[in-house]
$ cat structure-v9.tsv   # TSV, C-alpha atoms
chain	number	residue	atom	x	y	z
Q	27	ASP	CA	19.88	89.31	85.18
Q	28	ALA	CA	20.09	87.10	82.14
Q	29	LYS	CA	18.66	83.66	82.81
Q	30	THR	CA	20.40	81.83	79.99
Q	31	THR	CA	23.82	80.23	79.75
Q	32	GLN	CA	25.66	79.85	76.46
Q	33	PRO	CA	29.22	78.90	75.51
Q	34	THR	CA	31.33	81.97	74.92
Q	35	SER	CA	32.53	80.90	71.49
Q	36	MET	CA	32.27	78.11	68.94
Q	37	ASP	CA	33.81	77.28	65.58
Q	38	CYS	CA	32.09	75.60	62.66
Q	39	ALA	CA	33.32	74.52	59.24
Q	40	GLU	CA	31.60	76.09	56.28
Q	41	GLY	CA	28.86	73.85	54.89
Q	42	ARG	CA	28.50	71.90	58.12
Q	43	ALA	CA	25.68	72.20	60.61
Q	44	ALA	CA	26.24	74.61	63.49
Q	45	ASN	CA	24.61	73.51	66.75
Q	46	LEU	CA	24.44	76.25	69.36
Q	47	PRO	CA	23.34	75.16	72.85
Q	48	CYS	CA	21.59	77.21	75.49
Q	49	ASN	CA	20.65	76.40	79.07
Q	50	HIS	CA	17.61	78.06	80.63
Q	51	SER	CA	16.93	75.87	83.63
Q	52	THR	CA	14.70	78.40	85.45
Q	53	ILE	CA	12.34	78.97	82.54
Q	54	SER	CA	8.67	79.02	83.49
Q	55	GLY	CA	5.70	77.58	81.68
Q	56	ASN	CA	4.63	80.47	79.48
Q	57	GLU	CA	8.03	81.93	78.64
Q	58	TYR	CA	9.27	81.69	75.09
Q	59	VAL	CA	12.82	81.02	74.00
Q	60	TYR	CA	14.06	83.49	71.39
Q	61	TRP	CA	17.20	83.45	69.31
Q	62	TYR	CA	18.75	86.53	67.78
Q	63	ARG	CA	22.07	87.07	66.13
Q	64	GLN	CA	24.22	90.13	65.70
Q	65	ILE	CA	26.68	90.43	62.90
Q	66	HIS	CA	29.51	92.80	63.74
Q	67	SER	CA	28.33	96.39	64.27
Q	68	GLN	CA	24.80	95.72	63.01
Q	69	GLY	CA	21.50	95.54	64.88
Q	70	PRO	CA	20.38	92.19	66.29
Q	71	GLN	CA	18.47	90.05	63.81
Q	72	TYR	CA	15.58	87.82	64.83
Q	73	ILE	CA	16.13	84.17	63.95
Q	74	ILE	CA	13.47	81.98	65.54
Q	75	HIS	CA	11.49	81.42	68.72
Q	76	GLY	CA	9.58	78.61	70.38
Q	77	LEU	CA	7.63	77.56	73.46
Q	78	LYS	CA	7.56	73.77	73.68
Q	79	ASN	CA	7.67	72.27	70.23
Q	80	ASN	CA	10.57	72.20	67.85
Q	81	GLU	CA	10.44	74.95	65.28
Q	82	THR	CA	11.92	75.40	61.82
Q	83	ASN	CA	12.02	78.33	59.46
Q	84	GLU	CA	14.08	79.33	56.46
Q	85	MET	CA	17.00	80.38	58.64
Q	86	ALA	CA	17.28	77.72	61.33
Q	87	SER	CA	15.75	75.02	63.49
Q	88	LEU	CA	15.11	75.24	67.20
Q	89	ILE	CA	15.11	72.12	69.32
Q	90	ILE	CA	13.70	72.49	72.84
Q	91	THR	CA	14.10	69.66	75.33
Q	92	GLU	CA	10.99	68.12	76.80
Q	93	ASP	CA	11.65	69.67	80.23
Q	94	ARG	CA	12.32	73.00	78.48
Q	95	LYS	CA	15.48	73.55	80.46
Q	96	SER	CA	17.67	73.77	77.40
Q	97	SER	CA	17.51	74.32	73.68
Q	98	THR	CA	19.69	74.10	70.60
Q	99	LEU	CA	19.73	76.37	67.60
Q	100	ILE	CA	20.73	74.56	64.42
Q	101	LEU	CA	22.02	76.29	61.32
Q	102	PRO	CA	21.88	73.38	58.88
Q	103	HIS	CA	24.53	74.50	56.40
Q	104	ALA	CA	26.63	77.26	57.89
Q	105	THR	CA	28.16	79.86	55.60
Q	106	LEU	CA	30.78	82.50	56.26
Q	107	ARG	CA	27.96	85.05	56.50
Q	108	ASP	CA	26.63	83.21	59.56
Q	109	THR	CA	29.65	84.38	61.56
Q	110	ALA	CA	28.04	86.42	64.35
Q	111	VAL	CA	27.19	86.56	68.03
Q	112	TYR	CA	24.13	84.41	68.74
Q	113	TYR	CA	21.91	85.32	71.67
Q	114	CYS	CA	19.51	82.93	73.37
Q	115	ILE	CA	16.88	84.91	75.29
Q	116	VAL	CA	14.03	83.89	77.52
Q	117	ARG	CA	11.34	86.49	77.19
Q	118	TYR	CA	9.85	87.62	80.47
Q	119	ASP	CA	6.26	88.51	79.76
Q	120	ASN	CA	5.74	90.08	83.17
Q	121	GLN	CA	8.43	92.66	82.54
Q	122	GLY	CA	6.69	94.55	79.78
Q	123	GLY	CA	8.28	92.77	76.89
Q	124	LYS	CA	11.86	93.27	77.95
Q	125	LEU	CA	14.52	91.28	76.19
Q	126	ILE	CA	17.36	90.57	78.57
Q	127	PHE	CA	20.40	89.65	76.54
Q	128	GLY	CA	23.03	87.33	77.96
Q	129	GLN	CA	26.61	87.30	76.76
Q	130	GLY	CA	25.82	85.17	73.71
Q	131	THR	CA	27.94	82.74	71.70
Q	132	GLU	CA	30.42	84.08	69.20
Q	133	LEU	CA	30.18	81.68	66.24
Q	134	SER	CA	33.04	81.67	63.76
Q	135	VAL	CA	32.38	79.85	60.52
Q	136	LYS	CA	35.65	78.92	58.87
Q	137	PRO	CA	36.33	77.94	55.26
E	19	ASP	CA	8.37	94.70	55.58
E	20	THR	CA	10.17	94.32	58.89
E	21	GLU	CA	12.36	97.38	58.66
E	22	VAL	CA	13.29	99.73	61.45
E	23	THR	CA	15.33	102.71	60.30
E	24	GLN	CA	17.67	104.81	62.41
E	25	THR	CA	19.38	108.10	61.68
E	26	PRO	CA	22.10	109.14	61.73
E	27	LYS	CA	24.31	106.06	61.27
E	28	HIS	CA	27.21	107.77	63.01
E	29	LEU	CA	27.35	110.76	65.33
E	30	VAL	CA	30.24	112.58	66.94
E	31	MET	CA	29.39	115.14	69.60
E	32	GLY	CA	31.08	117.18	72.27
E	33	MET	CA	30.07	117.08	75.90
E	34	THR	CA	28.25	120.43	75.63
E	35	ASN	CA	26.32	119.60	72.47
E	36	LYS	CA	22.66	118.74	72.09
E	37	LYS	CA	21.79	116.14	69.49
E	38	SER	CA	18.96	113.75	68.71
E	39	LEU	CA	18.73	110.20	67.44
E	40	LYS	CA	15.76	109.20	65.34
E	41	CYS	CA	14.04	105.86	64.85
E	42	GLU	CA	11.15	105.05	62.54
E	43	GLN	CA	9.03	102.00	61.76
E	44	HIS	CA	6.01	101.51	59.53
E	45	MET	CA	4.94	98.06	60.62
E	46	GLY	CA	2.07	99.30	62.77
E	47	HIS	CA	3.93	98.30	65.92
E	48	ARG	CA	2.74	99.93	69.13
E	49	ALA	CA	5.85	99.42	71.24
E	50	MET	CA	9.27	100.90	70.63
E	51	TYR	CA	12.52	100.49	72.51
E	52	TRP	CA	15.92	102.09	72.99
E	53	TYR	CA	18.89	99.90	73.81
E	54	LYS	CA	22.50	100.83	74.47
E	55	GLN	CA	25.36	98.55	73.51
E	56	LYS	CA	28.95	99.04	74.57
E	57	ALA	CA	31.73	97.35	72.66
E	58	LYS	CA	31.94	93.58	73.20
E	59	LYS	CA	28.86	93.65	75.44
E	60	PRO	CA	25.23	92.64	74.85
E	61	PRO	CA	22.54	95.27	74.32
E	62	GLU	CA	21.02	96.76	77.45
E	63	LEU	CA	17.51	98.12	77.58
E	64	MET	CA	17.11	101.86	78.26
E	65	PHE	CA	13.48	102.79	77.57
E	66	VAL	CA	10.23	101.22	76.43
E	67	TYR	CA	7.30	103.09	74.92
E	68	SER	CA	3.94	101.41	74.50
E	69	TYR	CA	1.12	103.23	72.78
E	70	GLU	CA	3.27	106.37	72.75
E	71	LYS	CA	3.62	106.38	76.53
E	72	LEU	CA	6.80	105.69	78.43
E	73	SER	CA	6.29	102.38	80.21
E	74	ILE	CA	9.83	101.45	81.27
E	75	ASN	CA	12.81	103.63	82.15
E	76	GLU	CA	15.73	101.50	83.26
E	77	SER	CA	17.11	104.21	85.57
E	78	VAL	CA	18.73	106.00	82.68
E	79	PRO	CA	20.44	109.35	83.48
E	80	SER	CA	18.42	112.43	82.60
E	81	ARG	CA	20.96	113.50	79.99
E	82	PHE	CA	19.12	110.96	77.82
E	83	SER	CA	15.57	112.10	77.08
E	84	PRO	CA	13.28	109.89	75.00
E	85	GLU	CA	10.30	111.13	73.04
E	86	CYS	CA	7.61	109.31	71.09
E	87	PRO	CA	5.75	111.88	68.93
E	88	ASN	CA	3.59	109.22	67.27
E	89	SER	CA	3.33	105.47	66.97
E	90	SER	CA	5.86	105.30	64.11
E	91	LEU	CA	8.55	107.57	65.47
E	92	LEU	CA	10.89	107.44	68.44
E	93	ASN	CA	13.53	110.01	69.31
E	94	LEU	CA	16.35	110.05	71.82
E	95	HIS	CA	17.50	113.54	72.79
E	96	LEU	CA	21.05	113.81	74.04
E	97	HIS	CA	22.47	116.61	76.15
E	98	ALA	CA	25.65	117.02	78.18
E	99	LEU	CA	26.80	113.49	77.51
E	100	GLN	CA	29.98	112.00	78.88
E	101	PRO	CA	32.66	110.10	76.96
E	102	GLU	CA	31.50	106.87	78.63
E	103	ASP	CA	28.17	107.31	76.83
E	104	SER	CA	29.91	106.45	73.58
E	105	ALA	CA	28.17	103.32	72.32
E	106	LEU	CA	25.92	101.80	69.68
E	107	TYR	CA	22.32	102.94	70.26
E	108	LEU	CA	19.75	100.51	68.98
E	109	CYS	CA	16.05	101.02	68.39
E	110	ALA	CA	13.55	98.18	68.22
E	111	SER	CA	9.82	97.78	67.79
E	112	THR	CA	7.22	95.13	68.40
E	113	GLN	CA	3.50	94.61	68.13
E	114	TRP	CA	2.82	94.62	71.91
E	115	GLY	CA	0.17	92.91	73.91
E	116	THR	CA	0.88	89.21	73.55
E	117	THR	CA	3.38	86.81	75.04
E	118	GLU	CA	4.60	85.91	71.58
E	119	GLU	CA	6.20	89.03	70.21
E	120	THR	CA	9.23	89.49	68.07
E	121	GLN	CA	11.31	92.62	68.42
E	122	TYR	CA	12.74	93.99	65.21
E	123	PHE	CA	15.90	96.04	65.52
E	124	GLY	CA	17.28	98.89	63.51
E	125	PRO	CA	20.91	99.06	62.40
E	126	GLY	CA	21.84	101.40	65.23
E	127	THR	CA	23.52	104.77	65.61
E	128	ARG	CA	27.16	104.68	66.60
E	129	LEU	CA	27.78	107.57	68.96
E	130	LEU	CA	31.14	108.98	69.92
E	131	VAL	CA	31.29	111.59	72.68
E	132	LEU	CA	34.47	113.64	72.80
$ encode --input "structure-v9.tsv" --output "structure tokens"
Amino acid sequence: DAKTTQPTSMDCAEGRAANLPCNHSTISGNEYVYWYRQIHSQGPQYIIHGLKNNETNEMASLIITEDRKSSTLILPHATLRDTAVYYCIVRYDNQGGKLIFGQGTELSVKP
Amino acid sequence: DTEVTQTPKHLVMGMTNKKSLKCEQHMGHRAMYWYKQKAKKPPELMFVYSYEKLSINESVPSRFSPECPNSSLLNLHLHALQPEDSALYLCASTQWGTTEETQYFGPGTRLLVL
């Protein structure tokens, strides 16, 4: 069973920041939070991951709350090409590296 | 290079056919995965190979038969499939062995079973 909860869908205006929330209230101490996205009919694309600290790379920023029960993926300047389904995944190390995908958030970036 | 390649891109097969899907990576990864994704649903794990050995089979029907001939190559042999097996089949790979691993996915093979 997926252990993350995300809104089903969100809209964002082009050029604005997109903030995608994720709840993972049962996360344990050594489990990482991963974000992937899937543009229609393509394979999932890795975005970013983190454990405790906030992380930033060329694609996005990841903000993890101090209690680690939730996180937010931030796309600082969304473009139309960012329209995709975004998956927040808690990686279960004791299950042989399985990624258990939840339903994800369908982000629509509008002009 | 973080590329995972999959062939073919599209496949149409009858229920009595035998076909194979191929996945390849040259990142030196030692774990490879098959996922199945139905329309409007998230990917679901089917098989995991680590160091060329099958480590996880998620109770997949025997009409799907995985094979890992070497560390760079992963096949999925298909036989006597049903129309409900029509889906996007995704391959992924990762380094293996640490808690901090990123899986890299291929573009998928879209399978239609008639």
$ closest_residue --input "structure-v9.tsv" --among "Q:Thr98, Q:Ser51, Q:Gln64, Q:Thr31" --to "Lys58 in chain E" --atoms "all atoms listed in the file"
Q:Gln64
$ closest_residue --input "structure-v9.tsv" --among "Q:Leu106, Q:Met85, Q:Leu77, Q:Leu133" --to "chain E" --atoms "all atoms listed in the file"
Q:Leu77
$ residues_around --input "structure-v9.tsv" --residues "range 24-30 of chain E" --least-positions-apart "4" --cutoff "7 Å" --atoms "all atoms listed in the file" --output "PyMOL selection string"
chain E and resi 39-42+124-131
$ closest_atom_pairs --input "structure-v9.tsv" --of "chain E" --to "chain Q" --cutoff "7 Å" --atoms "only C-alpha atoms" --output "Markdown table"
| residue | atom | partner | partner_atom | distance |
| --- | --- | --- | --- | --- |
| E:Lys59 | CA | Q:Gln129 | CA | 6.9 |
| E:Pro60 | CA | Q:Gln129 | CA | 5.8 |
| E:Pro61 | CA | Q:Phe127 | CA | 6.4 |
| E:Leu108 | CA | Q:Gly69 | CA | 6.7 |
| E:Thr117 | CA | Q:Asp119 | CA | 5.8 |
| E:Tyr122 | CA | Q:Tyr72 | CA | 6.8 |
| E:Phe123 | CA | Q:Gly69 | CA | 5.7 |
| E:Gly124 | CA | Q:Gly69 | CA | 5.6 |
| E:Pro125 | CA | Q:Gly69 | CA | 4.3 |
| E:Gly126 | CA | Q:Gly69 | CA | 5.9 |
$ write_last_selection --input "structure-v9.tsv" --atoms "C-alpha atoms" --output "mmCIF file, in the coordinates of the input"
data_model
loop_
_atom_site.group_PDB
_atom_site.id
_atom_site.type_symbol
_atom_site.label_atom_id
_atom_site.label_comp_id
_atom_site.auth_asym_id
_atom_site.auth_seq_id
_atom_site.Cartn_x
_atom_site.Cartn_y
_atom_site.Cartn_z
ATOM 1 C CA LYS E 59 28.860 93.650 75.440
ATOM 2 C CA PRO E 60 25.230 92.640 74.850
ATOM 3 C CA PRO E 61 22.540 95.270 74.320
ATOM 4 C CA LEU E 108 19.750 100.510 68.980
ATOM 5 C CA THR E 117 3.380 86.810 75.040
ATOM 6 C CA TYR E 122 12.740 93.990 65.210
ATOM 7 C CA PHE E 123 15.900 96.040 65.520
ATOM 8 C CA GLY E 124 17.280 98.890 63.510
ATOM 9 C CA PRO E 125 20.910 99.060 62.400
ATOM 10 C CA GLY E 126 21.840 101.400 65.230
#
$ residues_near_point --input "structure-v9.tsv" --point "(13.9, 96.1, 74.5)" --cutoff "9 Å" --atoms "only C-alpha atoms" --output "mmCIF file with C-alpha atoms, keeping the file's coordinate frame"
data_model
loop_
_atom_site.group_PDB
_atom_site.id
_atom_site.type_symbol
_atom_site.label_atom_id
_atom_site.label_comp_id
_atom_site.auth_asym_id
_atom_site.auth_seq_id
_atom_site.Cartn_x
_atom_site.Cartn_y
_atom_site.Cartn_z
ATOM 1 C CA GLY Q 123 8.280 92.770 76.890
ATOM 2 C CA LYS Q 124 11.860 93.270 77.950
ATOM 3 C CA LEU Q 125 14.520 91.280 76.190
ATOM 4 C CA ILE Q 126 17.360 90.570 78.570
ATOM 5 C CA MET E 50 9.270 100.900 70.630
ATOM 6 C CA TYR E 51 12.520 100.490 72.510
ATOM 7 C CA TRP E 52 15.920 102.090 72.990
ATOM 8 C CA TYR E 53 18.890 99.900 73.810
ATOM 9 C CA PRO E 61 22.540 95.270 74.320
ATOM 10 C CA GLU E 62 21.020 96.760 77.450
ATOM 11 C CA LEU E 63 17.510 98.120 77.580
ATOM 12 C CA MET E 64 17.110 101.860 78.260
ATOM 13 C CA PHE E 65 13.480 102.790 77.570
ATOM 14 C CA VAL E 66 10.230 101.220 76.430
ATOM 15 C CA CYS E 109 16.050 101.020 68.390
ATOM 16 C CA ALA E 110 13.550 98.180 68.220
ATOM 17 C CA SER E 111 9.820 97.780 67.790
ATOM 18 C CA GLN E 121 11.310 92.620 68.420
#
$ residues_near_point --input "structure-v9.tsv" --point "(35.2, 84.7, 58.3)" --cutoff "8 Å" --atoms "all atoms listed in the file" --output "list in words"
Leu106, Arg107, Thr109, Ser134, Val135, Lys136 and Pro137 of chain Q
$ atom_distance --input "structure-v9.tsv" --atom1 "CA of Trp61 in chain Q" --atom2 "CA of Met36 in chain Q"
16.0 Å
$ atom_distance --input "structure-v9.tsv" --atom1 "CA of Leu101 in chain Q" --atom2 "CA of Thr120 in chain E"
19.6 Å
$ residues_around --input "structure-v9.tsv" --residues "Leu99 in chain E" --least-positions-apart "2" --cutoff "7 Å" --atoms "only C-alpha atoms" --output "PyMOL selection string"
chain E and resi 33+81+96-97+101+103+131
$ axis_aligned_box --input "structure-v9.tsv" --around "range 29-37 of chain E" --padding-each-side "8 Å" --output "JSON"
{"center_x": 26.4, "center_y": 115.6, "center_z": 70.6, "size_x": 25.3, "size_y": 25.7, "size_z": 26.6}
$ atom_distance --input "structure-v9.tsv" --atom1 "CA of Ala49 in chain E" --atom2 "CA of Leu91 in chain E"
10.3 Å
$ residues_around --input "structure-v9.tsv" --residues "Leu46 in chain Q" --least-positions-apart "2" --cutoff "12 Å" --atoms "all atoms listed in the file" --output "PyMOL selection string"
chain Q and resi 31-38+43-44+48-49+61-63+86-90+96-102+104+110-114+130-134
$ closest_residue --input "structure-v9.tsv" --among "E:Glu21, E:Glu70, E:Glu102, E:Pro87" --to "Ala57 in chain E" --atoms "all atoms listed in the file"
E:Glu102
$ closest_residue --input "structure-v9.tsv" --among "Q:Ile115, Q:Asp93, Q:Thr82, Q:Lys29" --to "Thr52 in chain Q" --atoms "only C-alpha atoms"
Q:Lys29
$ closest_residue --input "structure-v9.tsv" --among "Q:His50, Q:His103, Q:Glu81, Q:Arg94" --to "Thr30 in chain Q" --atoms "all atoms listed in the file"
Q:His50
